[in-house]
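To start, the structure under review is shown below, and the notes come after it.
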Amino acid sequence: MELTELYGQLGISEAVIQFAKETESDLRPRFETVDQTAEYNQLKVIQAMQKARVSDIHFAGTTGYGYNDLGRDTLEAVYANAFHGEDALVRPQLISGTHALTVALSGNLRPGDEILSPVGKPYDTLEEVIGIRESVGSLKEFGITYRQTDLLADGSFDYEAIRGAVNERTKLVEIQRSKGYATRPTLSVKQIGELISFLKSLKPDVICMVDNCYGEFVETIEPTDVGADMIVGSLIKNPGGGLAPIGGYIVGRKDCIERAACRLTAPGLGKEVGASLGVSQSLYQGLFLAPSVVAGALKGAIFAANLYERLGFSVIPNGTESRHDIIQSIIFQKPEAVIRFCRGIQAAAPVDSFVTPEPWAMPGYDSDVIMAAGAFIQGSSIELSADAPMKPPYAVYFQGGLTWHHAKLGILMSLQKLYEANLIKL
């Protein structure tokens, strides 16, 4: 059977296939660069596993308190080695990236301290954690204040505003690498390093924490290589490789990790407890696969950027920019285009392809949100997915794809849904 015929059976018209074919051919040099980065990161992960002397004994699960869980402790050594940190906290008890960030923040802040965000407003779900939007249990309720400086119009740091914002109460700087539901550029590791150097010159003891979600293994270095005291993320994003069923990680300075661990469990218990519950092998194997999985997602993002840019839409990053996370933003300006795009992504899924996404009031967000995610792991955004807040400028955020070919199918299906609704002309 011809490939075109099989795509046709999946609902992709020949017009869409032909439109995409030329773009894919032109992108082969870019894809080769992505593969080179993946090769480097694959060797880095293998080296970290070999250094920690990983064996099949480490895949055994524990229950109850999880005392002397060798697999858990070794996995944390692997993460510390791979991300070049002093220590790590990698746990299934960290239920999301937001939870991991909350643990890192609340563990390292005390009443009277202040958080500074030098990259504008953080991701929506952190607003209630910090207390930007009132919420029960926020850091604001514990006497921790928040200050932010916005990026300049070109997406660069406003160093003078940052200088004016740092004060005697500034304890921790929260640097969000990815864009969240904003249309700003994602930060490169090099940019993050320059920002950290500037912050440390103003206040050497300030804790620099990087929300690294969606950025792991996109480059050959991570924020911990350029001075970050902590990096934080979710295991159902990049580092879980699509196999981690749950979990989050915090990697960095030993004292910062210890304080976070005492917040996750209890003072006096710290990292000594926390059963692995039989998920250890998935966490190890997911990390092993992560560099190649991230490469597939990156190819999908680059492909989407170039296709939609050809159609005249504003895309961030654009078709030729360097990539620093797996997220591709496409600004449609029309709510019906956002909905159609998400329905295309859902229709390409191996799981729940028959489901029709609709906008709804998701917890933690200030507007209705539409999400497309036919994933093996619920909510896994390293798997093919797309989501968007239903408010101007009606930008959709596309990410993931455990393989390049699945990411490609999702993008073609999104084009098909828009084409059928006469929202694009090929």
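Each chain in the structure tokens gets a letter, A, B, ..., in the order shown, and its residues are numbered from 1; ligands are numbered from 1 in order too.
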**DSSP-assigned strand (DSSP E) members of stretch 22-266 of chain A, reported as a count of residues only** = 35
**Item:** Shell around A:Val232 at 7 Å using only C-alpha atoms, local window under 5 positions removed, as a PyMOL selection string
**Value:** chain A and resi 100-101+210-212+249-251
Those same residues, written as a PDB file, in the first residue's frame with C-alpha atoms?
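Result file follows (result00.pdb):
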```
ATOM      1  CA  ALA A 100       7.533  20.157  42.113  1.00  0.00           C
ATOM      2  CA  LEU A 101       7.859  23.937  41.788  1.00  0.00           C
ATOM      3  CA  VAL A 210      14.794  27.568  36.775  1.00  0.00           C
ATOM      4  CA  ASP A 211      11.457  26.098  35.767  1.00  0.00           C
ATOM      5  CA  ASN A 212      12.954  23.745  33.191  1.00  0.00           C
ATOM      6  CA  TYR A 249      12.232  16.215  39.729  1.00  0.00           C
ATOM      7  CA  ILE A 250      14.307  18.891  41.463  1.00  0.00           C
ATOM      8  CA  VAL A 251      18.069  18.913  40.775  1.00  0.00           C
TER       9      VAL A 251
END
```
**Item:** For atom CA of A:Lys334 and atom CA of A:Ser314, the interatomic separation in Å (one decimal)
**Value:**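 Atom CA of A:Lys334 sits 12.6 Å away from atom CA of A:Ser314.
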**Request:** Identify which of the residues A:Phe303, A:Tyr394, A:Tyr40, A:Tyr308 lies closest to A:Pro335, counting only C-alpha atoms when measuring atom-to-atom distances.
**Result:**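 Looking only at the distances to A:Pro335, the closest residue turns out to be A:Tyr394.
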**Prompt:** What residues in stretch 10-224 of chain A get the DSSP label helix (DSSP H, G or I)? Please answer as JSON, numbers by chain.
**Reply:** {"A": [14, 15, 16, 17, 18, 19, 20, 21, 22, 23, 24, 25, 26, 28, 29, 30, 31, 32, 33, 34, 35, 36, 37, 38, 39, 40, 41, 42, 43, 44, 45, 46, 47, 48, 49, 50, 51, 56, 57, 58, 59, 70, 71, 72, 73, 74, 75, 76, 77, 78, 79, 80, 81, 82, 97, 98, 99, 100, 101, 102, 103, 104, 105, 106, 107, 108, 124, 125, 126, 127, 128, 129, 130, 139, 140, 141, 142, 159, 160, 161, 162, 163, 164, 165, 189, 190, 191, 192, 193, 194, 195, 196, 197, 198, 199, 200, 201, 202, 223, 224]}
**Request:** Name all residues at most 6 Å from stretch 396-406 of chain A (count only C-alpha atoms; drop same-chain ones fewer than 2 positions away) and give them as a ChimeraX atom specification.
**Result:** /A:293,296-297,326-330,381-388,408-409
**Asked** Quick one: residues within 12 Å of stretch 200-202 of chain A, only C-alpha atoms counted, chain neighbours fewer than 6 positions away excluded, as number ranges by chain?
**Response** A: 159-160, 162-168, 170-173, 193-194, 208, 226-229
**Request:** Would you list the contacts of A:Gln176 as number ranges by chain, taking every protein, DNA or RNA residue within 9 Å and counting only C-alpha atoms, but skipping same-chain residues closer than 6 positions in sequence?
**Result:** A: 117-120, 122-123, 186-187, 209-213
**Prompt:** So, counting only C-alpha atoms, which residue among A:Phe59, A:Phe376, A:Phe31, A:Phe19 is closest to A:Ile246?
**Reply:**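 Residue with the minimum atom-to-atom distance to A:Ile246: A:Phe376.
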**Message:** Can you measure atom CA of A:Ser96 to atom CA of A:Asp124 for me? One decimal in Å is fine.
**Reply:**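 Computed distance, atom CA of A:Ser96 to atom CA of A:Asp124, equals 13.9 Å.
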Compile the contact shell of stretch 110-113 of chain A as a PDB file with C-alpha atoms, in the first residue's frame: residues with an atom at most 8 Å away, counting only C-alpha atoms, same-chain residues fewer than 5 positions apart removed.
```
ATOM      1  CA  PHE A 142       2.717  32.590  54.744  1.00  0.00           C
ATOM      2  CA  GLY A 143       4.116  36.101  54.426  1.00  0.00           C
ATOM      3  CA  ILE A 144       6.160  35.500  51.275  1.00  0.00           C
ATOM      4  CA  THR A 145       5.917  38.362  48.793  1.00  0.00           C
ATOM      5  CA  ARG A 169      14.309  40.527  51.017  1.00  0.00           C
ATOM      6  CA  THR A 170      14.936  38.909  47.601  1.00  0.00           C
ATOM      7  CA  LYS A 171      15.605  35.299  48.561  1.00  0.00           C
TER       8      LYS A 171
END
```
**Item:** Test item: residues at most 10 Å from A:Asp366, only C-alpha atoms, excluding those fewer than 5 positions along its chain, as number ranges by chain
**Value:** A: 124-125, 127, 133, 361, 389-391
**Asked** With only C-alpha atoms as the basis for distance, which of A:Ala349, A:Leu70, A:Leu27, A:Ala80 is at the shortest distance from A:Gly274?
**Response**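 Ranking A:Ala349, A:Leu70, A:Leu27, A:Ala80 by distance to A:Gly274, first place goes to A:Leu70.
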